[in-house]
>>> print(open('structure20.tsv').read())   # TSV, C-alpha atoms and all ligand atoms
chain	number	residue	atom	x	y	z
A	1	MET	CA	67.31	-103.13	-144.91
A	2	GLY	CA	69.93	-100.36	-144.88
A	3	PRO	CA	72.35	-99.82	-142.05
A	4	SER	CA	70.83	-98.36	-138.88
A	5	VAL	CA	70.93	-94.59	-138.40
A	6	PRO	CA	74.17	-93.54	-136.69
A	7	THR	CA	73.94	-91.78	-133.33
A	8	ASP	CA	75.16	-88.17	-133.07
A	9	ARG	CA	78.28	-89.42	-131.37
A	10	GLU	CA	79.02	-91.91	-134.14
A	11	LEU	CA	78.49	-89.21	-136.75
A	12	VAL	CA	80.89	-86.86	-134.95
A	13	GLU	CA	83.49	-89.61	-134.69
A	14	ARG	CA	83.27	-90.42	-138.39
A	15	ILE	CA	83.46	-86.72	-139.35
A	16	ASN	CA	86.50	-86.33	-137.11
A	17	THR	CA	88.20	-89.28	-138.79
A	18	GLY	CA	87.79	-87.86	-142.28
A	19	GLU	CA	84.25	-88.44	-143.48
A	20	SER	CA	83.49	-84.73	-143.68
A	21	GLU	CA	80.70	-85.39	-146.20
A	22	LEU	CA	78.63	-86.41	-143.16
A	23	LEU	CA	78.65	-82.84	-141.82
A	24	GLY	CA	75.53	-82.06	-143.84
A	25	GLU	CA	73.65	-84.84	-142.09
A	26	LEU	CA	74.74	-83.63	-138.65
A	27	ILE	CA	73.63	-80.10	-139.51
A	28	SER	CA	70.29	-81.30	-140.88
A	29	ARG	CA	69.53	-82.97	-137.57
A	30	TYR	CA	69.83	-79.72	-135.65
A	31	GLU	CA	69.40	-76.76	-138.02
A	32	ASP	CA	65.73	-76.16	-137.17
A	33	ARG	CA	66.31	-76.35	-133.42
A	34	VAL	CA	69.30	-74.00	-133.56
A	35	TYR	CA	67.38	-71.67	-135.86
A	36	ASN	CA	64.39	-71.53	-133.53
A	37	LEU	CA	66.61	-70.83	-130.52
A	38	ALA	CA	68.43	-68.11	-132.45
A	39	LEU	CA	65.18	-66.60	-133.71
A	40	ARG	CA	63.70	-66.31	-130.21
A	41	MET	CA	66.91	-64.83	-128.87
A	42	MET	CA	67.60	-62.42	-131.74
A	43	GLY	CA	64.03	-61.47	-132.63
A	44	ASN	CA	64.38	-61.46	-136.41
A	45	ARG	CA	65.10	-63.96	-139.18
A	46	GLU	CA	68.11	-62.21	-140.60
A	47	ASP	CA	70.07	-62.16	-137.34
A	48	ALA	CA	68.85	-65.68	-136.56
A	49	GLU	CA	70.30	-66.96	-139.84
A	50	ASP	CA	73.61	-65.24	-139.05
A	51	VAL	CA	73.69	-66.90	-135.63
A	52	LEU	CA	72.87	-70.21	-137.26
A	53	GLN	CA	75.85	-69.83	-139.60
A	54	ASP	CA	78.14	-68.68	-136.80
A	55	THR	CA	77.08	-71.70	-134.77
A	56	PHE	CA	77.90	-74.30	-137.40
A	57	LEU	CA	81.09	-72.51	-138.45
A	58	ASN	CA	82.19	-72.72	-134.81
A	59	VAL	CA	81.12	-76.35	-134.76
A	60	ILE	CA	83.35	-77.33	-137.67
A	61	ARG	CA	86.24	-75.43	-136.11
A	62	SER	CA	85.93	-77.15	-132.74
A	63	LEU	CA	84.28	-80.47	-133.49
A	64	ASP	CA	87.54	-82.36	-133.00
A	65	ARG	CA	87.59	-81.02	-129.44
A	66	PHE	CA	84.12	-82.38	-128.65
A	67	GLN	CA	84.92	-84.70	-125.77
A	68	GLY	CA	81.61	-86.45	-125.38
A	69	ARG	CA	81.42	-85.51	-121.70
A	70	SER	CA	78.04	-83.97	-122.41
A	71	SER	CA	75.64	-85.04	-125.14
A	72	PHE	CA	76.25	-83.57	-128.58
A	73	SER	CA	73.01	-81.57	-128.41
A	74	THR	CA	74.01	-79.96	-125.08
A	75	TRP	CA	77.40	-79.06	-126.53
A	76	LEU	CA	75.74	-77.65	-129.67
A	77	TYR	CA	73.23	-75.59	-127.68
A	78	ARG	CA	76.18	-74.15	-125.79
A	79	VAL	CA	77.91	-73.14	-129.02
A	80	ALA	CA	74.63	-71.71	-130.34
A	81	ALA	CA	73.77	-69.77	-127.16
A	82	ASN	CA	77.28	-68.29	-127.13
A	83	ALA	CA	77.02	-67.34	-130.80
A	84	ALA	CA	73.73	-65.55	-130.10
A	85	LEU	CA	75.07	-63.79	-126.98
A	86	THR	CA	78.18	-62.67	-128.85
A	87	ARG	CA	76.06	-61.09	-131.58
A	88	LEU	CA	73.66	-59.51	-129.11
A	89	ARG	CA	76.54	-57.90	-127.22
A	90	LYS	CA	77.93	-56.46	-130.44
A	91	GLN	CA	74.56	-54.96	-131.34
A	92	SER	CA	73.93	-53.31	-127.94
A	93	LYS	CA	70.29	-52.81	-128.95
A	94	GLN	CA	67.54	-51.41	-126.76
A	95	ALA	CA	67.36	-54.21	-124.17
A	96	LYS	CA	66.68	-52.95	-120.67
A	97	SER	CA	69.37	-52.50	-118.07
A	98	GLU	CA	69.36	-55.05	-115.27
A	99	ASP	CA	68.04	-52.42	-112.80
A	100	GLU	CA	65.16	-51.37	-115.03
A	101	PHE	CA	64.38	-55.02	-115.68
A	102	LEU	CA	64.33	-55.96	-111.99
A	103	ASP	CA	62.21	-52.93	-111.24
A	104	ASP	CA	59.65	-54.24	-113.75
A	105	VAL	CA	59.92	-57.78	-112.36
A	106	TYR	CA	58.99	-56.68	-108.85
A	107	SER	CA	56.33	-54.16	-109.86
A	108	VAL	CA	53.71	-56.86	-109.40
A	109	LYS	CA	54.81	-57.36	-105.81
A	110	ARG	CA	54.54	-53.63	-105.15
A	111	ALA	CA	51.10	-53.50	-106.77
A	112	ALA	CA	49.90	-56.40	-104.62
A	113	GLN	CA	51.33	-54.83	-101.47
A	114	ALA	CA	49.60	-51.56	-102.29
A	115	GLY	CA	46.35	-53.50	-102.26
A	116	LEU	CA	45.64	-53.14	-105.99
A	117	LYS	CA	43.41	-55.77	-107.53
A	118	LEU	CA	45.59	-57.58	-110.06
A	119	PRO	CA	43.90	-58.29	-113.40
A	120	ASP	CA	43.21	-61.96	-114.05
A	121	TRP	CA	43.24	-63.02	-117.69
A	122	SER	CA	44.22	-66.62	-116.99
A	123	ALA	CA	40.80	-68.12	-117.63
A	124	ASN	CA	40.92	-67.21	-121.33
A	125	PRO	CA	41.68	-70.21	-123.54
A	126	VAL	CA	45.12	-70.33	-125.19
A	127	ARG	CA	43.63	-70.36	-128.69
A	128	GLU	CA	41.85	-67.07	-127.98
A	129	LEU	CA	44.87	-65.37	-126.42
A	130	LEU	CA	47.50	-66.58	-128.86
A	131	ASN	CA	46.83	-64.61	-132.05
A	132	ASP	CA	49.48	-63.08	-134.33
A	133	GLU	CA	49.47	-59.75	-132.54
A	134	ALA	CA	49.88	-61.39	-129.14
A	135	MET	CA	52.76	-63.52	-130.42
A	136	GLU	CA	54.44	-60.41	-131.77
A	137	GLN	CA	54.04	-58.85	-128.33
A	138	MET	CA	55.47	-61.99	-126.69
A	139	ASN	CA	58.53	-61.93	-128.95
A	140	ARG	CA	59.13	-58.21	-128.37
A	141	ALA	CA	58.87	-58.85	-124.63
A	142	ILE	CA	61.63	-61.50	-124.81
A	143	GLU	CA	63.82	-59.06	-126.72
A	144	SER	CA	63.45	-56.35	-124.11
A	145	MET	CA	64.99	-58.54	-121.40
A	146	PRO	CA	68.72	-58.41	-120.61
A	147	GLU	CA	70.61	-61.11	-122.57
A	148	ILE	CA	71.24	-63.56	-119.78
A	149	TYR	CA	67.55	-63.70	-118.78
A	150	ARG	CA	66.63	-64.04	-122.41
A	151	ALA	CA	68.97	-67.00	-122.90
A	152	VAL	CA	67.82	-68.86	-119.80
A	153	PHE	CA	64.15	-68.27	-120.57
A	154	VAL	CA	64.41	-69.35	-124.21
A	155	LEU	CA	66.31	-72.53	-123.33
A	156	ARG	CA	63.92	-73.48	-120.48
A	157	ASP	CA	60.50	-72.29	-121.63
A	158	VAL	CA	60.76	-72.17	-125.41
A	159	GLU	CA	63.15	-75.05	-126.11
A	160	GLU	CA	61.81	-76.77	-122.97
A	161	LEU	CA	65.18	-78.11	-121.81
A	162	PRO	CA	65.53	-79.34	-118.21
A	163	THR	CA	67.10	-77.03	-115.61
A	164	ALA	CA	70.23	-79.19	-115.29
A	165	GLU	CA	70.90	-79.02	-119.02
A	166	VAL	CA	70.37	-75.26	-119.15
A	167	ALA	CA	72.81	-74.93	-116.23
A	168	GLU	CA	75.40	-76.91	-118.20
A	169	ILE	CA	74.82	-74.92	-121.40
A	170	MET	CA	75.04	-71.56	-119.64
A	171	ASP	CA	77.76	-72.44	-117.15
A	172	LEU	CA	75.51	-71.52	-114.25
A	173	SER	CA	74.43	-73.34	-111.10
A	174	GLU	CA	70.94	-74.83	-111.17
A	175	ALA	CA	69.93	-72.34	-108.47
A	176	ALA	CA	71.07	-69.46	-110.69
A	177	VAL	CA	69.11	-70.86	-113.64
A	178	LYS	CA	65.98	-71.14	-111.50
A	179	SER	CA	66.21	-67.64	-110.12
A	180	ARG	CA	66.84	-66.12	-113.56
A	181	LEU	CA	64.01	-68.13	-115.04
A	182	HIS	CA	61.66	-66.97	-112.32
A	183	ARG	CA	62.49	-63.31	-112.87
A	184	ALA	CA	62.15	-63.68	-116.64
A	185	ARG	CA	58.75	-65.34	-116.25
A	186	LEU	CA	57.53	-62.63	-113.85
A	187	TYR	CA	58.70	-59.92	-116.23
A	188	LEU	CA	56.95	-61.57	-119.19
A	189	ARG	CA	53.83	-62.15	-117.08
A	190	ASN	CA	53.70	-58.46	-116.18
A	191	ASN	CA	54.17	-57.51	-119.81
A	192	LEU	CA	51.37	-59.83	-120.98
A	193	SER	CA	49.17	-58.70	-118.13
A	194	ASP	CA	49.40	-55.09	-119.29
A	195	TYR	CA	48.83	-56.16	-122.87
A	196	PHE	CA	45.81	-58.38	-122.22
A	197	SER	CA	44.28	-55.84	-119.82
A	198	GLU	CA	44.45	-53.20	-122.52
A	199	ARG	CA	42.90	-55.61	-124.98
A	200	GLY	CA	40.11	-56.26	-122.51
A	201	ALA	CA	40.90	-59.92	-121.95
A	202	ALA	CA	41.12	-59.48	-118.18
B	1	MET	CA	53.61	-68.02	-95.07
B	2	ASP	CA	52.89	-64.54	-96.38
B	3	CYS	CA	52.83	-63.14	-99.94
B	4	ASN	CA	56.48	-62.09	-99.74
B	5	GLU	CA	57.75	-65.48	-98.64
B	6	ILE	CA	56.00	-67.41	-101.39
B	7	PHE	CA	56.67	-64.90	-104.15
B	8	GLU	CA	60.19	-66.17	-104.92
B	9	SER	CA	59.05	-69.82	-105.03
B	10	LEU	CA	56.21	-69.48	-107.48
B	11	SER	CA	58.08	-70.76	-110.53
B	12	GLU	CA	59.21	-73.82	-108.62
B	13	PHE	CA	55.62	-74.18	-107.44
B	14	ILE	CA	54.21	-74.26	-110.97
B	15	ASP	CA	57.06	-76.52	-112.12
B	16	GLU	CA	56.17	-78.90	-109.24
B	17	GLU	CA	59.68	-78.80	-107.82
B	18	LEU	CA	58.78	-78.02	-104.20
B	19	SER	CA	58.27	-80.41	-101.30
B	20	LYS	CA	54.72	-81.51	-100.58
B	21	LYS	CA	54.80	-79.55	-97.34
B	22	THR	CA	55.78	-76.26	-99.03
B	23	CYS	CA	53.19	-76.84	-101.77
B	24	ARG	CA	50.46	-77.27	-99.18
B	25	GLU	CA	51.53	-74.09	-97.42
B	26	ILE	CA	51.42	-72.13	-100.68
B	27	GLU	CA	48.05	-73.63	-101.58
B	28	SER	CA	46.54	-72.72	-98.24
B	29	HIS	CA	47.88	-69.16	-98.56
B	30	MET	CA	46.45	-68.91	-102.08
B	31	ALA	CA	43.04	-70.04	-100.89
B	32	ASP	CA	42.80	-66.84	-98.82
B	33	CYS	CA	44.80	-64.43	-101.02
B	34	ARG	CA	43.32	-63.41	-104.33
B	35	ASN	CA	46.39	-61.55	-105.61
B	36	CYS	CA	48.72	-64.52	-105.08
B	37	ARG	CA	46.17	-66.72	-106.82
B	38	VAL	CA	46.13	-64.33	-109.77
B	39	VAL	CA	49.95	-64.21	-109.92
B	40	VAL	CA	50.20	-68.01	-109.92
B	41	ASN	CA	47.45	-68.47	-112.51
B	42	THR	CA	48.73	-65.80	-114.88
B	43	LEU	CA	52.35	-66.92	-114.42
B	44	ARG	CA	51.34	-70.45	-115.32
B	45	LYS	CA	49.35	-69.18	-118.29
B	46	THR	CA	52.33	-67.11	-119.46
B	47	VAL	CA	54.51	-70.23	-119.52
B	48	THR	CA	51.77	-72.18	-121.32
B	49	LEU	CA	51.46	-69.45	-123.96
B	50	TYR	CA	55.20	-69.51	-124.65
B	51	HIS	CA	55.15	-73.31	-124.82
B	52	SER	CA	52.27	-73.07	-127.29
B	53	MET	CA	53.93	-70.65	-129.72
B	54	PRO	CA	54.47	-72.46	-133.01
B	55	ARG	CA	58.10	-73.24	-133.78
B	56	GLU	CA	59.46	-71.66	-136.90
B	57	ARG	CA	61.37	-73.74	-139.40
B	58	LEU	CA	64.27	-72.55	-141.47
B	59	SER	CA	63.24	-71.46	-144.98
B	60	GLY	CA	64.42	-73.53	-147.95
B	61	PRO	CA	66.77	-70.85	-149.35
B	62	ALA	CA	68.28	-70.21	-145.90
B	63	ARG	CA	68.85	-73.94	-145.48
B	64	LEU	CA	70.68	-74.10	-148.82
B	65	ARG	CA	72.80	-71.07	-147.91
B	66	LEU	CA	73.78	-72.64	-144.60
B	67	HIS	CA	74.86	-75.92	-146.15
B	68	LYS	CA	76.79	-74.08	-148.88
B	69	VAL	CA	78.63	-71.89	-146.37
B	70	ILE	CA	79.57	-74.89	-144.25
B	71	GLU	CA	80.71	-76.89	-147.26
B	72	ILE	CA	82.99	-74.06	-148.40
B	73	ALA	CA	84.35	-73.43	-144.90
B	74	ASP	CA	84.98	-77.11	-144.35
B	75	SER	CA	86.89	-77.61	-147.61
B	76	GLY	CA	88.94	-74.51	-146.74
B	77	ASP	CA	89.61	-75.73	-143.21
B	78	THR	CA	91.07	-79.10	-144.09
B	79	GLY	CA	93.25	-77.52	-146.79
B	80	GLU	CA	92.75	-80.46	-149.12
A	301	ZN	ZN	49.42	-63.59	-100.97
>>> encode(input="structure20.tsv", output="structure tokens", more="lines below")
Ligand SMILES: [Zn+2]
Amino acid sequence: MGPSVPTDRELVERINTGESELLGELISRYEDRVYNLALRMMGNREDAEDVLQDTFLNVIRSLDRFQGRSSFSTWLYRVAANAALTRLRKQSKQAKSEDEFLDDVYSVKRAAQAGLKLPDWSANPVRELLNDEAMEQMNRAIESMPEIYRAVFVLRDVEELPTAEVAEIMDLSEAAVKSRLHRARLYLRNNLSDYFSERGAA
Amino acid sequence: MDCNEIFESLSEFIDEELSKKTCREIESHMADCRNCRVVVNTLRKTVTLYHSMPRERLSGPARLRLHKVIEIADSGDTGE
């Protein structure tokens, strides 16, 4: 029997006290998760790989300041989310303005108030809805949201982290996480509703 | 409760974060309001679809590049 697998915290401690050859192991534990987060936030592999590198370069620069107040994974997600946001802000791509976004979010409310019959595509099984084209649409929809909504949505509904952890990662109150998540979901719902209606799934 | 009042709580409703009392109020509104029912059902389905998207793994070459970059940066950082 070999020695038991060290915890993240033990690994960090050993790296910080000179065993830098263990960095590779720490990275291996998290590279896929960070990559997936970056991919959903950036929308393409190339940018996602850049964010992944930025993240771990920042990690080695600041690992000795990791206090262990939060778990290592929370701390790492924070570094990764910031790396992605920094790159997104530099790109200033075609994401919507907050006003345009909110206008889209509440369009469903206006439609309902106007007495329109909202299309219902919810009875279709996931395996029928989720083809390659639909997934492409879903990814493009994430990318068209303002950065902060994108980050909260990806952490909560793609990475499936609890609200409290997302609040810690993003430096937001839990109430702010919930309200941003709700708006992001409504926006994405509207987007998918249009898409599935056109495809005749509703 | 009317459509407007429940609209802002629908994510908490599908995440089961509301009190039993509020849940019952939303459910009884939904029973009589088709549009709210559709919003709840399609909102829930939207979240399910995103949960169901397959996760992508890092490619082998990208993995190697990452480890190489970190190795170089780390040996540079410590100055040894
Ligand atoms: Zn209603």
>>> residues_near_point(input="structure20.tsv", point="(53.9, -67.3, -121.3)", cutoff="9 Å", atoms="all atoms listed in the file", output="PyMOL selection string")
(chain A and resi 138+157+185+188-189+192) or (chain B and resi 42-52)
>>> interface_residues(input="structure20.tsv", of="chain A", to="chain B", cutoff="8 Å", atoms="only C-alpha atoms", output="PyMOL selection string")
chain A and resi 20+24+27+31-32+35-36+49+52-53+56-57+60-61+109+112+117-122+126+130+135+138+157-158+160+178+181-182+185-186+188-189+192-193
>>> write_last_selection(input="structure20.tsv", atoms="C-alpha atoms", output="tab-separated table (two decimals), in the frame of the given file")
chain	number	residue	atom	x	y	z
A	20	SER	CA	83.49	-84.73	-143.68
A	24	GLY	CA	75.53	-82.06	-143.84
A	27	ILE	CA	73.63	-80.10	-139.51
A	31	GLU	CA	69.40	-76.76	-138.02
A	32	ASP	CA	65.73	-76.16	-137.17
A	35	TYR	CA	67.38	-71.67	-135.86
A	36	ASN	CA	64.39	-71.53	-133.53
A	49	GLU	CA	70.30	-66.96	-139.84
A	52	LEU	CA	72.87	-70.21	-137.26
A	53	GLN	CA	75.85	-69.83	-139.60
A	56	PHE	CA	77.90	-74.30	-137.40
A	57	LEU	CA	81.09	-72.51	-138.45
A	60	ILE	CA	83.35	-77.33	-137.67
A	61	ARG	CA	86.24	-75.43	-136.11
A	109	LYS	CA	54.81	-57.36	-105.81
A	112	ALA	CA	49.90	-56.40	-104.62
A	117	LYS	CA	43.41	-55.77	-107.53
A	118	LEU	CA	45.59	-57.58	-110.06
A	119	PRO	CA	43.90	-58.29	-113.40
A	120	ASP	CA	43.21	-61.96	-114.05
A	121	TRP	CA	43.24	-63.02	-117.69
A	122	SER	CA	44.22	-66.62	-116.99
A	126	VAL	CA	45.12	-70.33	-125.19
A	130	LEU	CA	47.50	-66.58	-128.86
A	135	MET	CA	52.76	-63.52	-130.42
A	138	MET	CA	55.47	-61.99	-126.69
A	157	ASP	CA	60.50	-72.29	-121.63
A	158	VAL	CA	60.76	-72.17	-125.41
A	160	GLU	CA	61.81	-76.77	-122.97
A	178	LYS	CA	65.98	-71.14	-111.50
A	181	LEU	CA	64.01	-68.13	-115.04
A	182	HIS	CA	61.66	-66.97	-112.32
A	185	ARG	CA	58.75	-65.34	-116.25
A	186	LEU	CA	57.53	-62.63	-113.85
A	188	LEU	CA	56.95	-61.57	-119.19
A	189	ARG	CA	53.83	-62.15	-117.08
A	192	LEU	CA	51.37	-59.83	-120.98
A	193	SER	CA	49.17	-58.70	-118.13
>>> atom_distance(input="structure20.tsv", atom1="atom CA of Ser144 of chain A", atom2="atom CA of Lys96 of chain A")
5.8 Å
>>> residues_around(input="structure20.tsv", residues="Met1 of chain B", least_positions_apart="5", cutoff="10 Å", atoms="all atoms listed in the file", output="list in words")
Ile6, Thr22, Glu25, Ile26, Ser28 and His29 of chain B
>>> residues_near_point(input="structure20.tsv", point="(76.7, -65.8, -136.7)", cutoff="10 Å", atoms="all atoms listed in the file", output="VMD selection string")
chain A and resid 38 47 to 58 80 82 to 84 86 to 87
>>> atom_distance(input="structure20.tsv", atom1="atom CA of Met41 of chain A", atom2="atom CA of Val154 of chain A")
7.0 Å
>>> atom_distance(input="structure20.tsv", atom1="atom CA of Phe72 of chain A", atom2="atom CA of Val12 of chain A")
8.5 Å
>>> axis_aligned_box(input="structure20.tsv", around="segment 3-11 of chain B", padding_each_side="4 Å", output="lines of an AutoDock Vina configuration file")
center_x = 56.5
center_y = -66.4
center_z = -104.6
size_x = 15.4
size_y = 16.7
size_z = 19.9
>>> closest_residue(input="structure20.tsv", among="B:Met30, B:Ile72, B:Leu64, B:Arg24", to="ligand ZN 301 (chain A)", atoms="all atoms listed in the file")
B:Met30
>>> closest_residue(input="structure20.tsv", among="B:Ser19, B:Pro61, B:Gly76, B:Cys33", to="ligand ZN 301 (chain A)", atoms="all atoms listed in the file")
B:Cys33
>>> closest_residue(input="structure20.tsv", among="B:Glu27, B:Ile14, B:Lys21, B:Asp2", to="ligand ZN 301 (chain A)", atoms="only C-alpha atoms and all ligand atoms")
B:Asp2
>>> residues_around(input="structure20.tsv", residues="Gly43 of chain A", least_positions_apart="3", cutoff="10 Å", atoms="only C-alpha atoms", output="number ranges by chain")
A: 37-40, 46-48, 136, 139-144
>>> write_last_selection(input="structure20.tsv", atoms="C-alpha atoms", output="PDB file, keeping the file's coordinate frame")
ATOM      1  CA  LEU A  37      66.610 -70.830-130.520  1.00  0.00           C
ATOM      2  CA  ALA A  38      68.430 -68.110-132.450  1.00  0.00           C
ATOM      3  CA  LEU A  39      65.180 -66.600-133.710  1.00  0.00           C
ATOM      4  CA  ARG A  40      63.700 -66.310-130.210  1.00  0.00           C
ATOM      5  CA  GLU A  46      68.110 -62.210-140.600  1.00  0.00           C
ATOM      6  CA  ASP A  47      70.070 -62.160-137.340  1.00  0.00           C
ATOM      7  CA  ALA A  48      68.850 -65.680-136.560  1.00  0.00           C
ATOM      8  CA  GLU A 136      54.440 -60.410-131.770  1.00  0.00           C
ATOM      9  CA  ASN A 139      58.530 -61.930-128.950  1.00  0.00           C
ATOM     10  CA  ARG A 140      59.130 -58.210-128.370  1.00  0.00           C
ATOM     11  CA  ALA A 141      58.870 -58.850-124.630  1.00  0.00           C
ATOM     12  CA  ILE A 142      61.630 -61.500-124.810  1.00  0.00           C
ATOM     13  CA  GLU A 143      63.820 -59.060-126.720  1.00  0.00           C
ATOM     14  CA  SER A 144      63.450 -56.350-124.110  1.00  0.00           C
TER      15      SER A 144
END
>>> build_atoms(input="structure20.tsv", residues="segment 143-163 of chain A", atoms="N, CA and C atoms", output="PDB file, keeping the file's coordinate frame")
ATOM      1  N   GLU A 143      62.694 -59.889-126.275  1.00  0.00           N
ATOM      2  CA  GLU A 143      63.820 -59.060-126.720  1.00  0.00           C
ATOM      3  C   GLU A 143      64.142 -57.905-125.805  1.00  0.00           C
ATOM      4  N   SER A 144      63.174 -57.491-124.983  1.00  0.00           N
ATOM      5  CA  SER A 144      63.450 -56.350-124.110  1.00  0.00           C
ATOM      6  C   SER A 144      64.114 -56.769-122.809  1.00  0.00           C
ATOM      7  N   MET A 145      64.306 -58.087-122.631  1.00  0.00           N
ATOM      8  CA  MET A 145      64.990 -58.540-121.400  1.00  0.00           C
ATOM      9  C   MET A 145      66.504 -58.511-121.596  1.00  0.00           C
ATOM     10  N   PRO A 146      67.257 -58.284-120.502  1.00  0.00           N
ATOM     11  CA  PRO A 146      68.720 -58.410-120.610  1.00  0.00           C
ATOM     12  C   PRO A 146      69.099 -59.809-121.113  1.00  0.00           C
ATOM     13  N   GLU A 147      70.215 -59.875-121.846  1.00  0.00           N
ATOM     14  CA  GLU A 147      70.610 -61.110-122.570  1.00  0.00           C
ATOM     15  C   GLU A 147      70.564 -62.391-121.750  1.00  0.00           C
ATOM     16  N   ILE A 148      71.101 -62.334-120.553  1.00  0.00           N
ATOM     17  CA  ILE A 148      71.240 -63.560-119.780  1.00  0.00           C
ATOM     18  C   ILE A 148      69.873 -64.131-119.394  1.00  0.00           C
ATOM     19  N   TYR A 149      68.912 -63.255-119.104  1.00  0.00           N
ATOM     20  CA  TYR A 149      67.550 -63.700-118.780  1.00  0.00           C
ATOM     21  C   TYR A 149      66.878 -64.269-120.034  1.00  0.00           C
ATOM     22  N   ARG A 150      67.155 -63.595-121.133  1.00  0.00           N
ATOM     23  CA  ARG A 150      66.630 -64.040-122.410  1.00  0.00           C
ATOM     24  C   ARG A 150      67.110 -65.465-122.721  1.00  0.00           C
ATOM     25  N   ALA A 151      68.402 -65.685-122.573  1.00  0.00           N
ATOM     26  CA  ALA A 151      68.970 -67.000-122.900  1.00  0.00           C
ATOM     27  C   ALA A 151      68.385 -68.093-122.013  1.00  0.00           C
ATOM     28  N   VAL A 152      68.352 -67.839-120.715  1.00  0.00           N
ATOM     29  CA  VAL A 152      67.820 -68.860-119.800  1.00  0.00           C
ATOM     30  C   VAL A 152      66.351 -69.137-120.089  1.00  0.00           C
ATOM     31  N   PHE A 153      65.576 -68.071-120.307  1.00  0.00           N
ATOM     32  CA  PHE A 153      64.150 -68.270-120.570  1.00  0.00           C
ATOM     33  C   PHE A 153      63.920 -69.057-121.860  1.00  0.00           C
ATOM     34  N   VAL A 154      64.623 -68.681-122.918  1.00  0.00           N
ATOM     35  CA  VAL A 154      64.410 -69.350-124.210  1.00  0.00           C
ATOM     36  C   VAL A 154      64.786 -70.837-124.112  1.00  0.00           C
ATOM     37  N   LEU A 155      65.898 -71.125-123.453  1.00  0.00           N
ATOM     38  CA  LEU A 155      66.310 -72.530-123.330  1.00  0.00           C
ATOM     39  C   LEU A 155      65.317 -73.333-122.485  1.00  0.00           C
ATOM     40  N   ARG A 156      64.826 -72.749-121.391  1.00  0.00           N
ATOM     41  CA  ARG A 156      63.920 -73.480-120.480  1.00  0.00           C
ATOM     42  C   ARG A 156      62.486 -73.499-120.994  1.00  0.00           C
ATOM     43  N   ASP A 157      61.947 -72.356-121.369  1.00  0.00           N
ATOM     44  CA  ASP A 157      60.500 -72.290-121.630  1.00  0.00           C
ATOM     45  C   ASP A 157      60.126 -72.237-123.104  1.00  0.00           C
ATOM     46  N   VAL A 158      61.097 -72.070-123.994  1.00  0.00           N
ATOM     47  CA  VAL A 158      60.760 -72.170-125.410  1.00  0.00           C
ATOM     48  C   VAL A 158      61.299 -73.492-125.943  1.00  0.00           C
ATOM     49  N   GLU A 159      62.582 -73.754-125.699  1.00  0.00           N
ATOM     50  CA  GLU A 159      63.150 -75.050-126.110  1.00  0.00           C
ATOM     51  C   GLU A 159      62.747 -76.168-125.149  1.00  0.00           C
ATOM     52  N   GLU A 160      62.275 -75.809-123.979  1.00  0.00           N
ATOM     53  CA  GLU A 160      61.810 -76.770-122.970  1.00  0.00           C
ATOM     54  C   GLU A 160      62.887 -77.753-122.521  1.00  0.00           C
ATOM     55  N   LEU A 161      64.103 -77.259-122.332  1.00  0.00           N
ATOM     56  CA  LEU A 161      65.180 -78.110-121.810  1.00  0.00           C
ATOM     57  C   LEU A 161      65.109 -78.151-120.283  1.00  0.00           C
ATOM     58  N   PRO A 162      65.543 -79.267-119.675  1.00  0.00           N
ATOM     59  CA  PRO A 162      65.530 -79.340-118.210  1.00  0.00           C
ATOM     60  C   PRO A 162      66.532 -78.372-117.570  1.00  0.00           C
ATOM     61  N   THR A 163      66.259 -77.990-116.331  1.00  0.00           N
ATOM     62  CA  THR A 163      67.100 -77.030-115.610  1.00  0.00           C
ATOM     63  C   THR A 163      68.579 -77.448-115.615  1.00  0.00           C
TER      64      THR A 163
END
